[in-house]
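The next block is data.pdb, given as PDB, C-alpha atoms.
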ATOM      1  CA  MET A  27      45.343   3.055  -9.652
ATOM      2  CA  ALA A  28      43.139   3.955 -12.599
ATOM      3  CA  THR A  29      40.534   1.363 -11.550
ATOM      4  CA  ALA A  30      40.194   2.932  -8.102
ATOM      5  CA  THR A  31      39.458   6.290  -9.701
ATOM      6  CA  VAL A  32      36.853   4.734 -11.969
ATOM      7  CA  LYS A  33      35.160   2.965  -9.040
ATOM      8  CA  ARG A  34      34.912   6.196  -7.050
ATOM      9  CA  ALA A  35      33.440   8.009 -10.023
ATOM     10  CA  GLU A  36      30.681   5.422 -10.544
ATOM     11  CA  ARG A  37      27.405   6.526  -9.037
ATOM     12  CA  ARG A  38      25.346   4.227  -6.925
ATOM     13  CA  PRO A  39      21.754   3.915  -8.062
ATOM     14  CA  SER A  40      19.430   6.095  -6.021
ATOM     15  CA  ARG A  41      17.875   4.308  -3.076
ATOM     16  CA  PHE A  42      15.180   6.967  -2.993
ATOM     17  CA  THR A  43      13.188   5.494  -5.839
ATOM     18  CA  PRO A  44       9.597   6.404  -6.727
ATOM     19  CA  GLU A  45       8.581   3.188  -4.969
ATOM     20  CA  ARG A  46      10.040   4.609  -1.755
ATOM     21  CA  ARG A  47       8.986   8.232  -2.330
ATOM     22  CA  ARG A  48       5.314   7.380  -2.582
ATOM     23  CA  PRO A  49       5.010   5.625   0.813
ATOM     24  CA  PHE A  50       7.285   8.220   2.420
ATOM     25  CA  LEU A  51       4.906  11.010   1.371
ATOM     26  CA  GLU A  52       1.898   8.943   2.482
ATOM     27  CA  TYR A  53       3.455   8.372   5.915
ATOM     28  CA  LEU A  54       4.259  12.065   6.153
ATOM     29  CA  GLN A  55       0.689  13.001   5.283
ATOM     30  CA  ALA A  56      -0.624  10.483   7.831
ATOM     31  CA  GLY A  57       1.120  12.503  10.525
ATOM     32  CA  MET A  58       4.460  10.762  10.968
ATOM     33  CA  ALA A  59       7.538  12.829  11.652
ATOM     34  CA  THR A  60       9.994  13.039   8.768
ATOM     35  CA  THR A  61      12.552  10.780  10.457
ATOM     36  CA  LYS A  62       9.955   8.090  11.239
ATOM     37  CA  ALA A  63       8.379   8.318   7.764
ATOM     38  CA  ALA A  64      11.818   7.969   6.169
ATOM     39  CA  ALA A  65      12.658   4.936   8.313
ATOM     40  CA  GLU A  66       9.336   3.299   7.433
ATOM     41  CA  ALA A  67      10.093   3.871   3.731
ATOM     42  CA  GLY A  68      13.575   2.362   4.099
ATOM     43  CA  ILE A  69      15.643   5.530   3.724
ATOM     44  CA  THR A  70      17.389   7.987   6.030
ATOM     45  CA  SER A  71      16.189  11.458   6.876
ATOM     46  CA  ALA A  72      19.492  12.769   5.476
ATOM     47  CA  THR A  73      18.521  11.303   2.106
ATOM     48  CA  VAL A  74      15.138  13.020   2.337
ATOM     49  CA  TYR A  75      16.622  16.434   3.128
ATOM     50  CA  GLN A  76      19.275  16.099   0.420
ATOM     51  CA  ARG A  77      16.560  15.322  -2.125
ATOM     52  CA  ARG A  78      14.468  18.204  -0.806
ATOM     53  CA  ARG A  79      17.341  20.656  -1.357
ATOM     54  CA  ARG A  80      18.050  19.384  -4.888
ATOM     55  CA  ASP A  81      14.509  18.768  -6.146
ATOM     56  CA  PRO A  82      11.969  21.615  -5.910
ATOM     57  CA  ASP A  83       9.144  19.299  -7.041
ATOM     58  CA  PHE A  84       9.889  16.920  -4.178
ATOM     59  CA  ALA A  85      10.111  19.848  -1.728
ATOM     60  CA  ALA A  86       6.662  20.980  -2.904
ATOM     61  CA  ALA A  87       5.293  17.426  -2.505
ATOM     62  CA  MET A  88       6.632  17.299   1.068
ATOM     63  CA  ASP A  89       5.058  20.677   1.809
ATOM     64  CA  ARG A  90       1.705  19.500   0.450
ATOM     65  CA  ALA A  91       1.905  16.300   2.514
ATOM     66  CA  THR A  92       2.619  18.157   5.753
ATOM     67  CA  ALA A  93      -0.007  20.829   5.000
ATOM     68  CA  ALA A  94      -2.622  18.127   4.491
ATOM     69  CA  ARG A  95      -1.992  16.768   7.983
ATOM     70  CA  SER A  96      -2.073  20.132   9.719
ATOM     71  CA  THR A  97      -5.871  20.124   9.859
ATOM     72  CA  PRO A  98      -6.547  19.300  13.486
ATOM     73  CA  GLU A  99      -8.550  16.244  14.373
ATOM     74  CA  PRO A 100     -11.692  16.939  16.338
ATOM     75  CA  ALA A 101     -11.211  16.324  20.060
ATOM     76  CA  ASP A 102     -13.746  13.502  19.897
ATOM     77  CA  ALA A 103     -11.559  11.643  17.371
ATOM     78  CA  ALA A 104     -10.147   9.672  20.320
ATOM     79  CA  THR A 105     -12.224   7.113  22.174
ATOM     80  CA  ASP A 106     -13.069   7.277  25.860
ATOM     81  CA  ALA A 107     -10.671   4.379  26.467
ATOM     82  CA  GLN A 108      -7.873   6.320  24.747
ATOM     83  CA  TRP A 109      -8.523   9.429  26.850
ATOM     84  CA  THR A 110      -8.513   7.271  30.004
ATOM     85  CA  ALA A 111      -5.166   5.759  28.995
ATOM     86  CA  PHE A 112      -3.894   9.263  28.203
ATOM     87  CA  TYR A 113      -4.823  10.577  31.674
ATOM     88  CA  GLU A 114      -3.288   7.570  33.417
ATOM     89  CA  HIS A 115      -0.032   7.856  31.506
ATOM     90  CA  LEU A 116       0.086  11.621  32.029
ATOM     91  CA  ALA A 117      -0.444  11.215  35.786
ATOM     92  CA  THR A 118       2.456   8.744  35.924
ATOM     93  CA  HIS A 119       4.961  10.365  33.578
ATOM     94  CA  GLY A 120       3.875  14.010  33.276
ATOM     95  CA  VAL A 121       4.641  14.442  29.552
ATOM     96  CA  LEU A 122       1.757  15.387  27.236
ATOM     97  CA  ARG A 123       3.267  14.122  23.986
ATOM     98  CA  GLN A 124       4.408  10.845  25.526
ATOM     99  CA  ALA A 125       0.991  10.272  27.104
ATOM    100  CA  ALA A 126      -0.794  10.993  23.827
ATOM    101  CA  LEU A 127       1.388   8.593  21.861
ATOM    102  CA  ALA A 128       1.078   5.891  24.532
ATOM    103  CA  ALA A 129      -2.716   6.192  24.322
ATOM    104  CA  GLY A 130      -2.777   6.148  20.527
ATOM    105  CA  ILE A 131      -3.823   9.800  20.236
ATOM    106  CA  ARG A 132      -2.077  12.229  17.910
ATOM    107  CA  PRO A 133      -0.206  14.776  20.059
ATOM    108  CA  GLU A 134      -1.659  17.561  17.888
ATOM    109  CA  THR A 135      -5.128  16.481  19.024
ATOM    110  CA  VAL A 136      -4.102  17.006  22.646
ATOM    111  CA  TYR A 137      -2.499  20.387  21.932
ATOM    112  CA  ASP A 138      -5.506  21.579  19.936
ATOM    113  CA  ARG A 139      -7.866  20.485  22.711
ATOM    114  CA  ARG A 140      -5.742  22.287  25.313
ATOM    115  CA  ARG A 141      -6.011  25.500  23.285
ATOM    116  CA  SER A 142      -9.775  25.247  22.833
ATOM    117  CA  ASP A 143     -10.868  23.737  26.175
ATOM    118  CA  THR A 144      -9.621  25.548  29.294
ATOM    119  CA  GLY A 145     -10.986  22.832  31.610
ATOM    120  CA  PHE A 146      -8.977  20.194  29.760
ATOM    121  CA  ALA A 147      -5.883  22.427  29.862
ATOM    122  CA  GLN A 148      -6.264  22.905  33.629
ATOM    123  CA  GLN A 149      -6.778  19.195  34.208
ATOM    124  CA  THR A 150      -3.725  18.226  32.173
ATOM    125  CA  ASP A 151      -1.628  20.917  33.875
ATOM    126  CA  TYR A 152      -2.704  19.557  37.257
ATOM    127  CA  LEU A 153      -1.725  16.010  36.280
ATOM    128  CA  ARG A 154       1.615  17.168  34.845
ATOM    129  CA  LEU A 155       2.604  19.425  37.724
ATOM    130  CA  ARG A 156       1.135  17.811  40.838
ATOM    131  CA  ASP A 157       4.347  16.048  41.890
ATOM    132  CA  GLU A 158       6.697  18.996  41.378
ATOM    133  CA  PRO A 159       8.142  20.430  44.584
ATOM    134  CA  ALA A 160       6.982  23.889  45.653
ATOM    135  CA  LEU A 161       9.467  26.696  45.135
TER     136      LEU A 161
END
Represent the structure from my file as structure tokens, please.
Amino acid sequence: MATATVKRAERRPSRFTPERRRPFLEYLQAGMATTKAAAEAGITSATVYQRRRRDPDFAAAMDRATAARSTPEPADAATDAQWTAFYEHLATHGVLRQAALAAGIRPETVYDRRRSDTGFAQQTDYLRLRDEPAL
């Protein structure tokens, strides 16, 4: 009985080592969502959020990584072929984010362009809403 108590009290070594933290933060800064960045680094998002709550330095590093990616890409960051693929996917499926990802364009690029270019916003709205039934 005493051995069971000792085994429970032993701590597992942290899986969230500096070797995993570094790529996680790089993935986060590159624009990946937290869950995807964690998976790419070989950890769970629960592990990330637990560390964030316990470690203010790590929380600050995460904040810096996400702030660095919030600078919008210029609309011309995507190629003509990517925009063509985006429009085709949007016409078929009607979901902006899904179409952007399928075309290899950051969704934020699409949202920023919609805010700054009313013609683009109207065109994407038309493609998204053209098959909806009239009320």
- Message: If the PyMOL selection byres ((chain A and resi 104-106) around 12) were run on this exact file, what residues would it hold? Put them as JSON, numbers by chain.
- Response: {"A": [99, 100, 101, 102, 103, 107, 108, 109, 110, 111, 112, 113, 126, 127, 129, 130, 131, 132, 133, 134, 135, 136, 139]}
- Item | Residue nearest Leu153 of chain A - candidates A:Arg140, A:Arg47, A:Arg41, A:His119, atoms counted: all atoms listed in the file |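 Comparing A:Arg140, A:Arg47, A:Arg41, A:His119 against Leu153 of chain A, the winner is A:His119.
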What's around Ala63 of chain A at 10 Å? Count all atoms listed in the file, leave out sequence neighbours fewer than 2 positions away in its own chain, and write the answer as a tab-separated table (two decimals) with C-alpha atoms, keeping the file's coordinate frame.
chain	number	residue	atom	x	y	z
A	49	PRO	CA	5.01	5.62	0.81
A	50	PHE	CA	7.28	8.22	2.42
A	51	LEU	CA	4.91	11.01	1.37
A	52	GLU	CA	1.90	8.94	2.48
A	53	TYR	CA	3.46	8.37	5.92
A	54	LEU	CA	4.26	12.06	6.15
A	55	GLN	CA	0.69	13.00	5.28
A	56	ALA	CA	-0.62	10.48	7.83
A	57	GLY	CA	1.12	12.50	10.52
A	58	MET	CA	4.46	10.76	10.97
A	59	ALA	CA	7.54	12.83	11.65
A	60	THR	CA	9.99	13.04	8.77
A	61	THR	CA	12.55	10.78	10.46
A	65	ALA	CA	12.66	4.94	8.31
A	66	GLU	CA	9.34	3.30	7.43
A	67	ALA	CA	10.09	3.87	3.73
A	68	GLY	CA	13.58	2.36	4.10
A	69	ILE	CA	15.64	5.53	3.72
A	70	THR	CA	17.39	7.99	6.03
A	71	SER	CA	16.19	11.46	6.88
A	74	VAL	CA	15.14	13.02	2.34
- What is the distance between atom CA of Asp138 of chain A and atom CA of Ala64 of chain A, in Å to one decimal?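 These two atoms are separated by 26.0 Å.
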- Query: How many Å separate atom CA of Ala94 of chain A from atom CA of Arg48 of chain A?
  - Reply: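 Separation of atom CA of Ala94 of chain A and atom CA of Arg48 of chain A: 15.1 Å.
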- Task: Figure out the distance between atom CA of Ala91 of chain A and atom CA of Thr73 of chain A, please, to one decimal in Å.
- Result: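 Interatomic distance, atom CA of Thr73 of chain A to atom CA of Ala91 of chain A: 17.4 Å.
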- Message: Measuring between only C-alpha atoms, which one of A:Ala93, A:Thr144, A:Phe42, A:Tyr152 shows the shortest distance to Gln76 of chain A?
- Response: A:Phe42
Using the partial input, fill out segment 134-145 of chain A with all heavy atoms; write the result as a short mmCIF file (atom, residue, chain, number, x, y, z; two decimals), in the coordinates of the input.
data_model
loop_
_atom_site.label_atom_id
_atom_site.label_comp_id
_atom_site.auth_asym_id
_atom_site.auth_seq_id
_atom_site.Cartn_x
_atom_site.Cartn_y
_atom_site.Cartn_z
N GLU A 134 -1.02 16.33 18.35
CA GLU A 134 -1.66 17.56 17.89
C GLU A 134 -3.10 17.66 18.38
O GLU A 134 -3.60 18.74 18.65
CB GLU A 134 -1.63 17.64 16.35
CG GLU A 134 -0.25 17.79 15.77
CD GLU A 134 0.54 16.48 15.70
OE1 GLU A 134 -0.03 15.39 15.91
OE2 GLU A 134 1.75 16.57 15.43
N THR A 135 -3.76 16.50 18.51
CA THR A 135 -5.13 16.48 19.02
C THR A 135 -5.16 16.99 20.46
O THR A 135 -6.03 17.77 20.83
CB THR A 135 -5.71 15.05 18.94
OG1 THR A 135 -5.70 14.64 17.58
CG2 THR A 135 -7.12 14.98 19.50
N VAL A 136 -4.18 16.56 21.25
CA VAL A 136 -4.10 17.01 22.65
C VAL A 136 -3.82 18.50 22.71
O VAL A 136 -4.48 19.25 23.44
CB VAL A 136 -3.02 16.22 23.41
CG1 VAL A 136 -2.79 16.80 24.80
CG2 VAL A 136 -3.40 14.75 23.51
N TYR A 137 -2.86 18.96 21.91
CA TYR A 137 -2.50 20.39 21.93
C TYR A 137 -3.66 21.26 21.46
O TYR A 137 -3.94 22.30 22.05
CB TYR A 137 -1.26 20.65 21.07
CG TYR A 137 -0.05 19.85 21.47
CD1 TYR A 137 0.80 19.34 20.51
CD2 TYR A 137 0.25 19.59 22.80
CE1 TYR A 137 1.92 18.60 20.86
CE2 TYR A 137 1.36 18.84 23.17
CZ TYR A 137 2.19 18.35 22.19
OH TYR A 137 3.29 17.62 22.54
N ASP A 138 -4.35 20.82 20.43
CA ASP A 138 -5.51 21.58 19.94
C ASP A 138 -6.60 21.63 20.99
O ASP A 138 -7.23 22.67 21.20
CB ASP A 138 -6.06 20.96 18.65
CG ASP A 138 -5.12 21.16 17.47
OD1 ASP A 138 -4.29 22.09 17.51
OD2 ASP A 138 -5.22 20.36 16.52
N ARG A 139 -6.83 20.51 21.67
CA ARG A 139 -7.87 20.48 22.71
C ARG A 139 -7.48 21.38 23.88
O ARG A 139 -8.32 22.06 24.45
CB ARG A 139 -8.11 19.04 23.17
CG ARG A 139 -9.25 18.95 24.15
CD ARG A 139 -9.66 17.53 24.44
NE ARG A 139 -10.68 17.51 25.47
CZ ARG A 139 -11.08 16.40 26.08
NH1 ARG A 139 -10.60 15.23 25.74
NH2 ARG A 139 -12.00 16.46 27.02
N ARG A 140 -6.19 21.40 24.23
CA ARG A 140 -5.74 22.29 25.31
C ARG A 140 -6.00 23.76 24.97
O ARG A 140 -6.37 24.55 25.84
CB ARG A 140 -4.25 22.08 25.61
CG ARG A 140 -3.96 20.86 26.47
CD ARG A 140 -2.48 20.66 26.71
NE ARG A 140 -1.80 21.84 27.22
CZ ARG A 140 -1.75 22.20 28.51
NH1 ARG A 140 -2.36 21.46 29.41
NH2 ARG A 140 -1.09 23.26 28.88
N ARG A 141 -5.79 24.11 23.70
CA ARG A 141 -6.01 25.50 23.28
C ARG A 141 -7.49 25.87 23.29
O ARG A 141 -7.85 27.01 23.59
CB ARG A 141 -5.44 25.74 21.89
CG ARG A 141 -3.94 25.93 21.87
CD ARG A 141 -3.45 26.40 20.52
NE ARG A 141 -3.54 25.37 19.49
CZ ARG A 141 -2.60 24.46 19.26
NH1 ARG A 141 -1.50 24.45 19.98
NH2 ARG A 141 -2.75 23.56 18.31
N SER A 142 -8.36 24.93 22.97
CA SER A 142 -9.78 25.25 22.83
C SER A 142 -10.62 24.94 24.07
O SER A 142 -11.74 25.41 24.18
CB SER A 142 -10.36 24.49 21.63
OG SER A 142 -10.33 23.10 21.86
N ASP A 143 -10.09 24.17 25.01
CA ASP A 143 -10.87 23.74 26.18
C ASP A 143 -10.06 24.03 27.44
O ASP A 143 -9.17 23.28 27.82
CB ASP A 143 -11.15 22.24 26.03
CG ASP A 143 -11.98 21.65 27.17
OD1 ASP A 143 -12.14 22.31 28.22
OD2 ASP A 143 -12.45 20.50 27.01
N THR A 144 -10.41 25.14 28.12
CA THR A 144 -9.62 25.55 29.29
C THR A 144 -9.71 24.53 30.43
O THR A 144 -8.75 24.34 31.16
CB THR A 144 -10.05 26.94 29.81
OG1 THR A 144 -11.46 26.93 30.07
CG2 THR A 144 -9.72 28.02 28.79
N GLY A 145 -10.86 23.86 30.57
CA GLY A 145 -10.99 22.83 31.61
C GLY A 145 -10.02 21.68 31.36
O GLY A 145 -9.38 21.18 32.30
#
